[in-house]
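Below is one structure, written out as structure tokens; comments come after it.
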Amino acid sequence: MVRIEDLDQARVAAAGNIASTQLRDLETLGIDWDGPVVRQSKRLDLYTDAVSGLQTYPCYCTRKEIAAAATAPNEADWRPYPGTCRFLTASQRQQRAIKRPPAIRLASNADSYEVTDLARGRCRGRVDDLVLVRNDGTPAYNLAVVVDDGLQGVDQVVRARDLWSSAPRQSHLAELLGFDAPTYAHTGLVTGPAGKRLSKSAGAVGLTDLIHCGIDRSRILAWLCRSLALPEVSDPHELIGAAALTPPTPPAITTPLDSARLDGPVGWWSDAVLSLDEV
């Protein structure tokens, strides 16, 4: 199934037709899906219902205030929320609401949570009173993806390692909502030469642009396979069930959550550099 995460309408408007481009890119690579495309912007009632069943409180803090009050950054420069607004009196909340509409935060009773990654083993990371609804009324990303994954039966989340620090918070929220927490497979990062991040703002081109430049689809698929240490195929369906997708045996003990790159043999868990000379 395909899900379009389009809750942030300002970013959606600024990005133009990026969702349509992404769908076209998937089709170009030979990746298809069943049923209609699901759009988060059409599922707002589901997120509202989820929040109603959780312990929450209004938060009036700005990002600047949180950065000033929080302790040292955690993984991936994430700063746990220090709980500034959790114990405000009714009078204090009324005063703050005059200046700023509140976001809605989870009133968490945990400070850490254990998650499992296929290449990193069991890891424990920090959780906090994460934002569930932004102060403009938009459901937060962390809430929406947990609700959608739970309702759609997603039991394994594959994504880049820079999102590893989100796993404990999202798994903890899944448990509170009555869903089974997924297993994770955090992949390496793909960058340009010299570690330059691939993004539109940095001038990186998309798949469609590469094809328009005369680079054949089969060459792109071959590079993707090589970067993952997988057999080079012309159709991604040939990779289903491939033994090469199995990662090395992760450590059996619980370790501190760490989003750094993994050393060792090349695989989907490894970082890769994309150079047009190699494609």
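The chains in the structure tokens are called A, B, ... from first to last as shown; in each chain the residues are counted from 1, and the ligands are counted from 1 in the order shown.
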
Practice problem: From the DSSP assignment of the backbone, select every residue of segment 63-231 of chain A that is alpha helix (DSSP H), and format the answer as a PyMOL selection string. | Solution: chain A and resi 63-69+90-99+141-151+167-176+207-212+217-227

Exercise. Step one, run DSSP on the backbone; step two, keep only residues of segment 64-178 of chain A assigned to strand (DSSP E); then write them as a list in words.
Key: Ala103, Ile104, Arg105, Leu106, Ser112, Tyr113, Glu114, Val115, Thr116, Asp117, Gly121, Arg122, Cys123, Arg124, Gly125, Arg126, Val131, Leu132, Val133, Gln156, Val157, Val158, Arg159 and Ala160 of chain A

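You will find atom CA of Ala10 of chain A at 11.1 Å from atom CA of Thr138 of chain A.
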
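Counting only C-alpha atoms, the residue from A:Leu163, A:Ala229, A:Leu26, A:Ala19 that sits nearest to Leu207 of chain A is A:Leu26.
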
Quiz prompt | Non-local contacts of Ala174 of chain A (12 Å; only C-alpha atoms; under 6 positions in same chain excluded) as a PyMOL selection string | solution = chain A and resi 50-51+54+113+115+142-151+153-155+167-168+180-182

Can I get the selected residues back with all heavy atoms, as a compact mmCIF listing (two decimals), in the first residue's frame?
# COMPACT_ATOMS: atom_id res chain seq x y z
N ALA A 50 -7.82 9.11 18.34
CA ALA A 50 -6.67 8.54 19.05
C ALA A 50 -6.26 9.43 20.22
O ALA A 50 -6.00 8.95 21.33
CB ALA A 50 -5.50 8.34 18.10
N VAL A 51 -6.22 10.73 20.00
CA VAL A 51 -5.82 11.67 21.05
C VAL A 51 -6.80 11.65 22.20
O VAL A 51 -6.42 11.77 23.37
CB VAL A 51 -5.67 13.10 20.47
CG1 VAL A 51 -5.43 14.12 21.59
CG2 VAL A 51 -4.53 13.15 19.46
N LEU A 54 -6.01 9.33 25.14
CA LEU A 54 -4.70 9.43 25.81
C LEU A 54 -4.73 10.50 26.89
O LEU A 54 -5.56 11.42 26.86
CB LEU A 54 -3.63 9.80 24.77
CG LEU A 54 -3.37 8.77 23.66
CD1 LEU A 54 -2.48 9.38 22.58
CD2 LEU A 54 -2.71 7.50 24.23
N TYR A 113 12.26 3.65 26.52
CA TYR A 113 11.48 2.55 25.96
C TYR A 113 12.41 1.71 25.10
O TYR A 113 13.31 2.23 24.44
CB TYR A 113 10.31 3.07 25.12
CG TYR A 113 9.23 2.05 24.87
CD1 TYR A 113 8.23 1.84 25.79
CD2 TYR A 113 9.23 1.31 23.69
CE1 TYR A 113 7.24 0.90 25.57
CE2 TYR A 113 8.23 0.37 23.46
CZ TYR A 113 7.24 0.17 24.40
OH TYR A 113 6.25 -0.76 24.16
N VAL A 115 13.29 -0.82 21.97
CA VAL A 115 12.85 -1.15 20.62
C VAL A 115 13.86 -2.13 20.01
O VAL A 115 14.97 -2.29 20.51
CB VAL A 115 12.75 0.11 19.75
CG1 VAL A 115 11.58 0.97 20.17
CG2 VAL A 115 14.04 0.92 19.80
N ASN A 142 4.42 12.29 14.45
CA ASN A 142 4.62 11.11 15.29
C ASN A 142 3.30 10.44 15.66
O ASN A 142 3.23 9.21 15.79
CB ASN A 142 5.37 11.49 16.57
CG ASN A 142 6.86 11.64 16.33
OD1 ASN A 142 7.46 10.85 15.63
ND2 ASN A 142 7.46 12.65 16.93
N LEU A 143 2.25 11.21 15.84
CA LEU A 143 0.94 10.64 16.12
C LEU A 143 0.38 9.96 14.88
O LEU A 143 -0.06 8.81 14.93
CB LEU A 143 -0.03 11.72 16.59
CG LEU A 143 -1.50 11.29 16.66
CD1 LEU A 143 -1.71 10.33 17.82
CD2 LEU A 143 -2.42 12.51 16.78
N ALA A 144 0.38 10.66 13.76
CA ALA A 144 -0.27 10.16 12.55
C ALA A 144 0.35 8.87 12.05
O ALA A 144 -0.37 7.92 11.70
CB ALA A 144 -0.22 11.23 11.46
N VAL A 145 1.68 8.79 12.03
CA VAL A 145 2.30 7.57 11.51
C VAL A 145 2.06 6.38 12.43
O VAL A 145 1.90 5.24 11.96
CB VAL A 145 3.81 7.75 11.26
CG1 VAL A 145 4.06 8.79 10.18
CG2 VAL A 145 4.56 8.11 12.52
N VAL A 146 2.01 6.61 13.73
CA VAL A 146 1.76 5.51 14.66
C VAL A 146 0.32 5.00 14.49
O VAL A 146 0.08 3.79 14.47
CB VAL A 146 2.01 5.96 16.11
CG1 VAL A 146 1.50 4.92 17.10
CG2 VAL A 146 3.50 6.20 16.34
N VAL A 147 -0.63 5.92 14.39
CA VAL A 147 -2.02 5.52 14.19
C VAL A 147 -2.17 4.77 12.87
O VAL A 147 -2.80 3.70 12.80
CB VAL A 147 -2.95 6.75 14.23
CG1 VAL A 147 -4.37 6.37 13.80
CG2 VAL A 147 -2.97 7.35 15.63
N ASP A 148 -1.60 5.32 11.80
CA ASP A 148 -1.74 4.69 10.49
C ASP A 148 -1.06 3.33 10.45
O ASP A 148 -1.61 2.36 9.91
CB ASP A 148 -1.15 5.60 9.40
CG ASP A 148 -2.02 6.81 9.13
OD1 ASP A 148 -3.23 6.74 9.42
OD2 ASP A 148 -1.50 7.81 8.62
N ASP A 149 0.16 3.23 10.99
CA ASP A 149 0.85 1.94 11.00
C ASP A 149 0.03 0.90 11.77
O ASP A 149 -0.09 -0.25 11.34
CB ASP A 149 2.24 2.07 11.64
CG ASP A 149 3.24 2.76 10.72
OD1 ASP A 149 2.92 2.96 9.53
OD2 ASP A 149 4.34 3.08 11.20
N GLY A 150 -0.53 1.32 12.90
CA GLY A 150 -1.32 0.39 13.71
C GLY A 150 -2.57 -0.07 12.99
O GLY A 150 -2.88 -1.26 12.96
N LEU A 151 -3.30 0.86 12.39
CA LEU A 151 -4.55 0.52 11.73
C LEU A 151 -4.32 -0.24 10.42
O LEU A 151 -5.18 -1.03 10.00
CB LEU A 151 -5.37 1.78 11.46
CG LEU A 151 -5.89 2.53 12.69
CD1 LEU A 151 -6.63 3.79 12.27
CD2 LEU A 151 -6.80 1.63 13.52
N GLY A 153 -1.82 -2.34 9.91
CA GLY A 153 -1.16 -3.61 10.14
C GLY A 153 0.31 -3.64 9.80
O GLY A 153 0.86 -4.70 9.49
N VAL A 154 0.97 -2.50 9.85
CA VAL A 154 2.40 -2.45 9.56
C VAL A 154 3.17 -3.05 10.74
O VAL A 154 3.06 -2.56 11.86
CB VAL A 154 2.86 -1.00 9.30
CG1 VAL A 154 4.38 -0.93 9.13
CG2 VAL A 154 2.17 -0.43 8.07
N ASP A 155 3.94 -4.11 10.49
CA ASP A 155 4.67 -4.75 11.59
C ASP A 155 6.18 -4.61 11.45
O ASP A 155 6.93 -5.05 12.32
CB ASP A 155 4.30 -6.23 11.71
CG ASP A 155 4.56 -7.02 10.43
OD1 ASP A 155 5.17 -6.46 9.50
OD2 ASP A 155 4.15 -8.19 10.37
N ALA A 167 12.22 6.03 17.13
CA ALA A 167 11.64 4.71 17.36
C ALA A 167 11.11 4.50 18.77
O ALA A 167 9.99 4.00 18.94
CB ALA A 167 12.65 3.63 16.99
N PRO A 168 11.86 4.85 19.84
CA PRO A 168 11.31 4.63 21.19
C PRO A 168 10.03 5.42 21.44
O PRO A 168 9.08 4.90 22.02
CB PRO A 168 12.46 5.11 22.11
CG PRO A 168 13.69 4.96 21.29
CD PRO A 168 13.26 5.32 19.90
N ASP A 180 0.51 -3.20 18.52
CA ASP A 180 1.79 -3.87 18.69
C ASP A 180 2.89 -3.00 18.08
O ASP A 180 2.76 -2.56 16.92
CB ASP A 180 1.78 -5.24 17.99
CG ASP A 180 0.84 -6.23 18.67
OD1 ASP A 180 0.66 -6.11 19.90
OD2 ASP A 180 0.30 -7.10 17.97
N ALA A 181 3.94 -2.76 18.83
CA ALA A 181 5.05 -1.96 18.31
C ALA A 181 5.75 -2.73 17.19
O ALA A 181 5.93 -3.95 17.29
CB ALA A 181 6.05 -1.65 19.42
N PRO A 182 6.13 -2.06 16.10
CA PRO A 182 6.78 -2.76 14.99
C PRO A 182 8.24 -3.07 15.29
O PRO A 182 8.84 -2.53 16.23
CB PRO A 182 6.68 -1.75 13.85
CG PRO A 182 6.73 -0.41 14.54
CD PRO A 182 5.97 -0.62 15.82

Practice problem: Identify, on the basis of only C-alpha atoms, every residue whose closest approach to segment 60-70 of chain A does not exceed 9 Å; exclude the query and any residue fewer than 4 positions from it along the same chain; express the result as a list of chain:residue names. | Solution: A:Arg79, A:Pro80, A:Tyr81, A:Pro82, A:Thr84, A:Cys85, A:Arg93, A:Arg96, A:Ala97, A:Lys99, A:Arg100, A:Pro101, A:Pro102, A:Ala103, A:Ile104, A:Asn135

Quiz prompt | Point-to-point distance from atom CA of His186 of chain A to atom CA of Arg43 of chain A, Å rounded to tenths | solution = 26.7 Å
